[in-house]
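Chemist: Take a look at my_file14.pdb, PDB, C-alpha atoms, pLDDT in the B column:
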ATOM      1  CA  MET A   1      21.028 -26.523  -2.434  1.00 44.00           C
ATOM      2  CA  ALA A   2      22.929 -26.560   0.812  1.00 46.00           C
ATOM      3  CA  GLU A   3      20.754 -25.702   3.764  1.00 50.00           C
ATOM      4  CA  GLU A   4      22.221 -23.218   6.188  1.00 55.00           C
ATOM      5  CA  LYS A   5      21.419 -23.053   9.856  1.00 59.00           C
ATOM      6  CA  ASN A   6      20.077 -19.608  10.765  1.00 71.00           C
ATOM      7  CA  ASN A   7      19.763 -18.426  14.333  1.00 81.00           C
ATOM      8  CA  ILE A   8      16.168 -17.322  14.054  1.00 87.00           C
ATOM      9  CA  SER A   9      13.345 -17.880  16.481  1.00 91.00           C
ATOM     10  CA  LYS A  10      10.142 -19.584  15.405  1.00 92.00           C
ATOM     11  CA  ALA A  11       8.291 -16.332  16.103  1.00 94.00           C
ATOM     12  CA  ASP A  12      10.650 -14.340  13.849  1.00 93.00           C
ATOM     13  CA  PHE A  13      10.406 -16.996  11.151  1.00 92.00           C
ATOM     14  CA  ARG A  14       6.598 -16.945  11.301  1.00 95.00           C
ATOM     15  CA  PHE A  15       6.576 -13.138  11.249  1.00 95.00           C
ATOM     16  CA  MET A  16       8.793 -13.005   8.152  1.00 92.00           C
ATOM     17  CA  ASN A  17       6.796 -15.696   6.376  1.00 93.00           C
ATOM     18  CA  ASP A  18       3.486 -13.988   7.118  1.00 96.00           C
ATOM     19  CA  ALA A  19       4.900 -10.571   6.201  1.00 94.00           C
ATOM     20  CA  LEU A  20       6.120 -11.807   2.801  1.00 93.00           C
ATOM     21  CA  VAL A  21       2.736 -13.329   2.018  1.00 94.00           C
ATOM     22  CA  ASP A  22       0.846 -10.255   3.240  1.00 95.00           C
ATOM     23  CA  VAL A  23       3.071  -7.778   1.400  1.00 93.00           C
ATOM     24  CA  TYR A  24       2.775  -9.701  -1.885  1.00 92.00           C
ATOM     25  CA  ASP A  25      -0.996  -9.968  -1.508  1.00 94.00           C
ATOM     26  CA  HIS A  26      -1.370  -6.304  -0.546  1.00 93.00           C
ATOM     27  CA  ILE A  27       0.715  -5.047  -3.471  1.00 91.00           C
ATOM     28  CA  MET A  28      -1.260  -7.178  -5.919  1.00 91.00           C
ATOM     29  CA  ARG A  29      -4.596  -5.955  -4.512  1.00 92.00           C
ATOM     30  CA  ILE A  30      -3.496  -2.309  -4.633  1.00 91.00           C
ATOM     31  CA  GLU A  31      -2.346  -2.692  -8.239  1.00 89.00           C
ATOM     32  CA  GLU A  32      -5.630  -4.385  -9.242  1.00 90.00           C
ATOM     33  CA  GLU A  33      -7.784  -1.760  -7.492  1.00 90.00           C
ATOM     34  CA  THR A  34      -5.738   1.122  -8.884  1.00 87.00           C
ATOM     35  CA  LEU A  35      -6.028  -0.240 -12.408  1.00 86.00           C
ATOM     36  CA  ARG A  36      -9.803  -0.686 -12.095  1.00 86.00           C
ATOM     37  CA  LYS A  37     -10.201   2.960 -11.019  1.00 89.00           C
ATOM     38  CA  SER A  38      -7.832   4.389 -13.639  1.00 88.00           C
ATOM     39  CA  THR A  39      -7.981   5.090 -17.342  1.00 88.00           C
ATOM     40  CA  PHE A  40      -6.026   1.818 -17.696  1.00 90.00           C
ATOM     41  CA  ARG A  41      -8.902  -0.401 -16.555  1.00 90.00           C
ATOM     42  CA  ASP A  42      -8.599  -2.470 -19.749  1.00 94.00           C
ATOM     43  CA  ILE A  43      -5.372  -4.052 -18.526  1.00 93.00           C
ATOM     44  CA  SER A  44      -4.559  -6.771 -15.997  1.00 92.00           C
ATOM     45  CA  VAL A  45      -1.785  -6.864 -13.412  1.00 91.00           C
ATOM     46  CA  LYS A  46      -0.021  -9.580 -15.438  1.00 91.00           C
ATOM     47  CA  GLU A  47      -0.171  -7.361 -18.508  1.00 94.00           C
ATOM     48  CA  ILE A  48       1.240  -4.383 -16.597  1.00 93.00           C
ATOM     49  CA  HIS A  49       4.185  -6.512 -15.505  1.00 91.00           C
ATOM     50  CA  LEU A  50       4.760  -7.480 -19.140  1.00 95.00           C
ATOM     51  CA  ILE A  51       4.790  -3.776 -20.017  1.00 96.00           C
ATOM     52  CA  HIS A  52       7.267  -3.216 -17.179  1.00 93.00           C
ATOM     53  CA  ALA A  53       9.525  -5.976 -18.583  1.00 94.00           C
ATOM     54  CA  ILE A  54       9.459  -4.398 -22.054  1.00 95.00           C
ATOM     55  CA  THR A  55      10.667  -1.110 -20.479  1.00 91.00           C
ATOM     56  CA  LEU A  56      10.747   2.380 -21.924  1.00 87.00           C
ATOM     57  CA  HIS A  57      13.835   2.467 -24.106  1.00 84.00           C
ATOM     58  CA  ASP A  58      15.515  -0.931 -24.496  1.00 83.00           C
ATOM     59  CA  HIS A  59      13.547  -2.348 -27.475  1.00 90.00           C
ATOM     60  CA  LYS A  60      14.108  -5.865 -26.150  1.00 92.00           C
ATOM     61  CA  THR A  61      13.536  -8.844 -28.384  1.00 92.00           C
ATOM     62  CA  SER A  62      10.554 -11.094 -27.820  1.00 91.00           C
ATOM     63  CA  THR A  63      12.944 -13.829 -26.735  1.00 91.00           C
ATOM     64  CA  GLU A  64      14.602 -11.580 -24.131  1.00 93.00           C
ATOM     65  CA  VAL A  65      11.241 -10.630 -22.617  1.00 94.00           C
ATOM     66  CA  ALA A  66       9.987 -14.237 -22.678  1.00 93.00           C
ATOM     67  CA  ASN A  67      13.148 -15.422 -20.905  1.00 91.00           C
ATOM     68  CA  GLU A  68      12.984 -12.620 -18.326  1.00 90.00           C
ATOM     69  CA  LEU A  69       9.368 -13.441 -17.468  1.00 91.00           C
ATOM     70  CA  ARG A  70       9.893 -17.203 -17.812  1.00 88.00           C
ATOM     71  CA  LEU A  71       7.199 -17.464 -20.468  1.00 91.00           C
ATOM     72  CA  THR A  72       7.110 -19.574 -23.594  1.00 92.00           C
ATOM     73  CA  LYS A  73       7.439 -17.601 -26.807  1.00 91.00           C
ATOM     74  CA  GLY A  74       3.890 -18.673 -27.692  1.00 93.00           C
ATOM     75  CA  THR A  75       2.453 -17.326 -24.436  1.00 94.00           C
ATOM     76  CA  LEU A  76       4.387 -14.087 -24.839  1.00 94.00           C
ATOM     77  CA  THR A  77       3.182 -13.696 -28.434  1.00 93.00           C
ATOM     78  CA  THR A  78      -0.432 -14.118 -27.341  1.00 95.00           C
ATOM     79  CA  ASN A  79      -0.025 -11.526 -24.587  1.00 96.00           C
ATOM     80  CA  VAL A  80       1.841  -9.092 -26.848  1.00 96.00           C
ATOM     81  CA  LYS A  81      -0.911  -9.360 -29.490  1.00 96.00           C
ATOM     82  CA  THR A  82      -3.467  -8.441 -26.818  1.00 97.00           C
ATOM     83  CA  LEU A  83      -1.412  -5.462 -25.624  1.00 97.00           C
ATOM     84  CA  GLU A  84      -0.841  -4.398 -29.215  1.00 97.00           C
ATOM     85  CA  ARG A  85      -4.598  -4.514 -29.896  1.00 97.00           C
ATOM     86  CA  LYS A  86      -5.205  -2.426 -26.747  1.00 97.00           C
ATOM     87  CA  GLY A  87      -2.655   0.140 -27.923  1.00 97.00           C
ATOM     88  CA  TYR A  88       0.092  -0.352 -25.310  1.00 97.00           C
ATOM     89  CA  VAL A  89       2.779  -2.220 -27.264  1.00 97.00           C
ATOM     90  CA  LYS A  90       4.160  -2.184 -30.773  1.00 96.00           C
ATOM     91  CA  ARG A  91       6.226  -4.880 -32.476  1.00 94.00           C
ATOM     92  CA  ILE A  92       9.008  -3.710 -34.751  1.00 92.00           C
ATOM     93  CA  ASN A  93      11.429  -5.613 -36.948  1.00 89.00           C
ATOM     94  CA  ASP A  94      15.077  -5.422 -35.999  1.00 84.00           C
ATOM     95  CA  GLU A  95      16.952  -3.136 -38.391  1.00 85.00           C
ATOM     96  CA  GLN A  96      19.913  -5.525 -38.790  1.00 88.00           C
ATOM     97  CA  ASP A  97      17.976  -8.815 -38.792  1.00 87.00           C
ATOM     98  CA  HIS A  98      14.379  -8.673 -39.979  1.00 84.00           C
ATOM     99  CA  ARG A  99      13.715 -12.156 -38.560  1.00 86.00           C
ATOM    100  CA  VAL A 100      14.047 -10.662 -35.048  1.00 87.00           C
ATOM    101  CA  THR A 101      11.068  -8.913 -33.502  1.00 88.00           C
ATOM    102  CA  ARG A 102      11.641  -6.157 -30.982  1.00 93.00           C
ATOM    103  CA  LEU A 103       9.059  -4.808 -28.582  1.00 96.00           C
ATOM    104  CA  THR A 104       8.455  -1.165 -27.801  1.00 95.00           C
ATOM    105  CA  LEU A 105       5.854   0.744 -25.846  1.00 97.00           C
ATOM    106  CA  THR A 106       3.447   3.168 -27.456  1.00 96.00           C
ATOM    107  CA  ASN A 107       2.804   6.539 -25.819  1.00 96.00           C
ATOM    108  CA  LYS A 108      -0.093   4.939 -23.927  1.00 96.00           C
ATOM    109  CA  GLY A 109       2.202   2.089 -22.829  1.00 96.00           C
ATOM    110  CA  LYS A 110       4.886   4.556 -21.726  1.00 95.00           C
ATOM    111  CA  LEU A 111       2.348   6.493 -19.649  1.00 94.00           C
ATOM    112  CA  LEU A 112       1.236   3.289 -17.913  1.00 94.00           C
ATOM    113  CA  TYR A 113       4.865   2.227 -17.411  1.00 94.00           C
ATOM    114  CA  ARG A 114       5.713   5.525 -15.722  1.00 94.00           C
ATOM    115  CA  ALA A 115       2.671   5.362 -13.420  1.00 91.00           C
ATOM    116  CA  HIS A 116       3.465   1.776 -12.412  1.00 91.00           C
ATOM    117  CA  ASP A 117       7.152   2.556 -11.942  1.00 92.00           C
ATOM    118  CA  ALA A 118       6.290   5.528  -9.686  1.00 91.00           C
ATOM    119  CA  PHE A 119       4.233   3.204  -7.457  1.00 90.00           C
ATOM    120  CA  HIS A 120       7.138   0.763  -7.187  1.00 91.00           C
ATOM    121  CA  ARG A 121       9.572   3.584  -6.394  1.00 93.00           C
ATOM    122  CA  GLN A 122       7.255   4.613  -3.531  1.00 93.00           C
ATOM    123  CA  ILE A 123       7.272   1.027  -2.262  1.00 92.00           C
ATOM    124  CA  VAL A 124      11.071   0.881  -2.246  1.00 93.00           C
ATOM    125  CA  LYS A 125      11.422   4.289  -0.582  1.00 95.00           C
ATOM    126  CA  SER A 126       8.995   3.324   2.175  1.00 94.00           C
ATOM    127  CA  PHE A 127      10.667  -0.080   2.574  1.00 93.00           C
ATOM    128  CA  ILE A 128      14.130   1.370   3.254  1.00 95.00           C
ATOM    129  CA  LYS A 129      13.012   4.510   5.110  1.00 96.00           C
ATOM    130  CA  GLY A 130      15.186   5.120   8.153  1.00 96.00           C
ATOM    131  CA  MET A 131      17.755   2.487   7.217  1.00 96.00           C
ATOM    132  CA  ASP A 132      21.465   3.147   6.957  1.00 96.00           C
ATOM    133  CA  GLY A 133      23.733   1.794   4.218  1.00 94.00           C
ATOM    134  CA  ASN A 134      24.581  -1.387   6.123  1.00 96.00           C
ATOM    135  CA  GLU A 135      20.936  -2.205   6.735  1.00 96.00           C
ATOM    136  CA  VAL A 136      20.159  -1.657   3.055  1.00 96.00           C
ATOM    137  CA  LYS A 137      22.999  -4.070   2.177  1.00 96.00           C
ATOM    138  CA  VAL A 138      21.421  -6.717   4.439  1.00 95.00           C
ATOM    139  CA  ILE A 139      18.029  -6.223   2.764  1.00 94.00           C
ATOM    140  CA  LYS A 140      19.682  -6.414  -0.660  1.00 95.00           C
ATOM    141  CA  CYS A 141      21.418  -9.665   0.329  1.00 95.00           C
ATOM    142  CA  ALA A 142      18.137 -11.140   1.584  1.00 93.00           C
ATOM    143  CA  LEU A 143      16.345 -10.178  -1.642  1.00 93.00           C
ATOM    144  CA  ILE A 144      19.122 -11.715  -3.754  1.00 95.00           C
ATOM    145  CA  ASN A 145      18.834 -14.918  -1.703  1.00 93.00           C
ATOM    146  CA  LEU A 146      15.080 -14.943  -2.298  1.00 92.00           C
ATOM    147  CA  GLU A 147      15.453 -14.296  -6.038  1.00 90.00           C
ATOM    148  CA  ASP A 148      18.045 -17.084  -6.294  1.00 92.00           C
ATOM    149  CA  PHE A 149      15.767 -19.514  -4.446  1.00 91.00           C
ATOM    150  CA  LEU A 150      12.787 -18.655  -6.648  1.00 88.00           C
ATOM    151  CA  SER A 151      14.915 -18.991  -9.787  1.00 85.00           C
ATOM    152  CA  ASP A 152      16.210 -22.380  -8.660  1.00 86.00           C
ATOM    153  CA  ILE A 153      12.754 -23.840  -8.016  1.00 88.00           C
ATOM    154  CA  THR A 154      11.289 -22.559 -11.299  1.00 77.00           C
ATOM    155  CA  GLN A 155      13.969 -24.030 -13.552  1.00 70.00           C
TER     156      GLN A 155
END
Would you write the structure of this file as structure tokens?
Modeler:
Amino acid sequence: MAEEKNNISKADFRFMNDALVDVYDHIMRIEEETLRKSTFRDISVKEIHLIHAITLHDHKTSTEVANELRLTKGTLTTNVKTLERKGYVKRINDEQDHRVTRLTLTNKGKLLYRAHDAFHRQIVKSFIKGMDGNEVKVIKCALINLEDFLSDITQ
């Protein structure tokens, strides 16, 4: 990875670092507290993110979801079995290749997905509030840089 020189003050760097940590922590705490108070109190934040990765309509394969979440197939299978037992996820055989397992959400899983997705939509709307198109492009670029960095260090 080539390191680029950014013209950023130490104070701005510290602010951005602290803000990223605080935002991540705050979102996780809100999700945990909201789940505990809801009808979905039988599920963890990690499980809700698995449900989010499965999505509403795609019927992704187990391998696709495992790769997306950077999980081993064994870890994913364990988590899917738990979500299946709790009534959020259903495994179905692929119609063309019965060796392939696809994942789908039950009605209960879809309800949880929609509630979680609405929260994330609120986060994004509040994050870009008052920004013009150019500012949104800068934020998008910064997020892509961050995703790329995180992908590189986890491979």
Chemist: Which residues, written as a list in words, have at least one atom at most 10 Å from segment 147-152 of chain A, with only C-alpha atoms counted and residues fewer than 4 positions away on the same chain left out?
Modeler: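 So the residues in contact are Met1, Arg70, Cys141, Ala142 and Leu143 of chain A.
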Chemist: Let me have the centre and edge lengths in Å, one decimal, of the box along x, y and z around every listed atom of segment 58-66 of chain A with 8 Å of margin on each side, as JSON.
Modeler:
{"center_x": 12.8, "center_y": -7.6, "center_z": -25.5, "size_x": 21.5, "size_y": 29.3, "size_z": 21.8}
Chemist: With the cut-off set at 8 Å and counting all atoms listed in the file, tabulate each residue of segment 20-54 of chain A with an atom at most that distance from an atom of segment 81-102 of chain A, showing the nearest atom pair and its distance in Å to one decimal, ordered by chain and increasing number, as JSON lines.
Modeler:
{"residue": "A:Asp42", "atom": "CA", "partner": "A:Lys86", "partner_atom": "CA", "distance": 7.8}
{"residue": "A:Glu47", "atom": "CA", "partner": "A:Leu83", "partner_atom": "CA", "distance": 7.5}
{"residue": "A:Ile51", "atom": "CA", "partner": "A:Val89", "partner_atom": "CA", "distance": 7.7}
Chemist: With all atoms listed in the file as the basis for distance, which of A:His49, A:Asp58, A:Ala19, A:Leu105 is at the shortest distance from Glu32 of chain A?
Modeler: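 Of all the options, A:His49 lies closest to Glu32 of chain A.
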Chemist: Would you mind listing what lies within 12 Å of Leu76 of chain A as an MDAnalysis selection string, with all atoms listed in the file counted and same-chain residues fewer than 6 positions away left out?
Modeler: chainID A and resid 46:47 50:51 53:54 61:70 82:84 103
Chemist: Counting all atoms listed in the file, what is within 12 Å of Ile123 of chain A, bar same-chain residues fewer than 5 positions away, as a list in words?
Modeler: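 Result of the neighbour search: Val23, Tyr24, His26, Ile27, Ile30, Glu31, His116, Asp117, Ala118, Ile128 and Lys129 of chain A.
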Chemist: Just give me the gap between atom CA of Tyr113 of chain A and atom CA of His52 of chain A in Å, one decimal is fine.
Modeler: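 Here the two named atoms are 6.0 Å from each other.
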Chemist: Find, counting only C-alpha atoms, the residue in A:Lys125, A:Lys10, A:His57, A:Arg29 that gets nearest to Lys110 of chain A.
Modeler: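 Residue with the minimum atom-to-atom distance to Lys110 of chain A: A:His57.
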Chemist: Neighbouring residues of Phe40 of chain A were defined as those with any atom within 9 Å, considering all atoms listed in the file; residues of the same chain fewer than 5 positions away were excluded. Please report them as a PDB file with C-alpha atoms, keeping the file's coordinate frame.
Modeler:
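Saved to out34.pdb:
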ATOM      1  CA  THR A  34      -5.738   1.122  -8.884  1.00 87.00           C
ATOM      2  CA  LEU A  35      -6.028  -0.240 -12.408  1.00 86.00           C
ATOM      3  CA  LEU A 112       1.236   3.289 -17.913  1.00 94.00           C
TER       4      LEU A 112
END
Chemist: Of the residues A:Leu111, A:Ala11, A:Met131, A:Ile144, which is the one nearest to Thr39 of chain A, using all atoms listed in the file?
Modeler: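 Of A:Leu111, A:Ala11, A:Met131, A:Ile144, the one nearest Thr39 of chain A is A:Leu111, counting all atoms listed in the file.
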Chemist: Atom CA of Ala115 of chain A and atom CA of Val80 of chain A are how many Å apart?
Modeler: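 One can read the atom CA of Ala115 of chain A to atom CA of Val80 of chain A distance as 19.7 Å.
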Chemist: May I ask for the distance between atom CA of Gly74 of chain A and atom CA of Lys60 of chain A, given in Å to one decimal place?
Modeler: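 Interatomic distance here is 16.5 Å.
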